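Scroll down for the structure; my scribbles are underneath it.
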Amino acid sequence: MVARLLAGGLDALKALLPLSIFFYRFLEWWYRSDFHKRVQQAPAPEPPKPPKPHPDGVEVPEDQALCPLCRNPRTNPAMAPSGYVFCYPCIYRHLDDTGTCPVTLIRAQPDSIRKLYADA
């Protein structure tokens, strides 16, 4: 019984020892090269500039808490693909009827609306 356990342990060491040496050498290479520094220090790209409102589009209110369509405080805030935020019912109805963002007049569909969550 003891001999079988000892033989099984030695068989496991035959696989684990080369694997641990490989892993150790990999870590040694990783930290000696500059590769890990380049991966960690890559700067985040700048976000794209927001699209400008179209002259024929709906005017954006100065108070950003108001929906540009109904001019009331936003309920269930949702974002159109253009990045502007509206009440979900307002933007859904508008996109379903016209197929364009009310501010920029960029083409959009109701399934491209993104819900915004305050606690995220």
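Here, A, B, ... name the chains of the structure tokens in the order displayed, residue numbers run from 1 inside each chain, and ligands are numbered from 1 in the same displayed order.
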Practice prompt. Assign secondary structure with DSSP using the backbone only, and return the residues of chain A in strand (DSSP E or B) as a VMD selection string.
Written response: chain A and resid 66 73 77 to 79 85 to 87 100 107 114 to 115
Worksheet item: Quick one: DSSP alpha helix (DSSP H) residues in chain A, as a PyMOL selection string?
Response: chain A and resi 2-32+35-40+88-98
Practice prompt. Name all residues at most 12 Å from stretch 83-93 of chain A (count only C-alpha atoms; drop same-chain ones fewer than 5 positions away) and give them as an NGL selection string.
Written response: :A and (47-53 or 58-61 or 64-78 or 98-106 or 108-117)
Worksheet item: For the atom pair atom CA of A:Gly9 and atom CA of A:Phe26, what is the interatomic distance in Å to one decimal place?
Response: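 Computing the Euclidean distance for atom CA of A:Gly9 and atom CA of A:Phe26 yields 25.2 Å.
Taking atom CA of A:Leu13 as the reference point, atom CA of A:Met1 is found at 18.6 Å.
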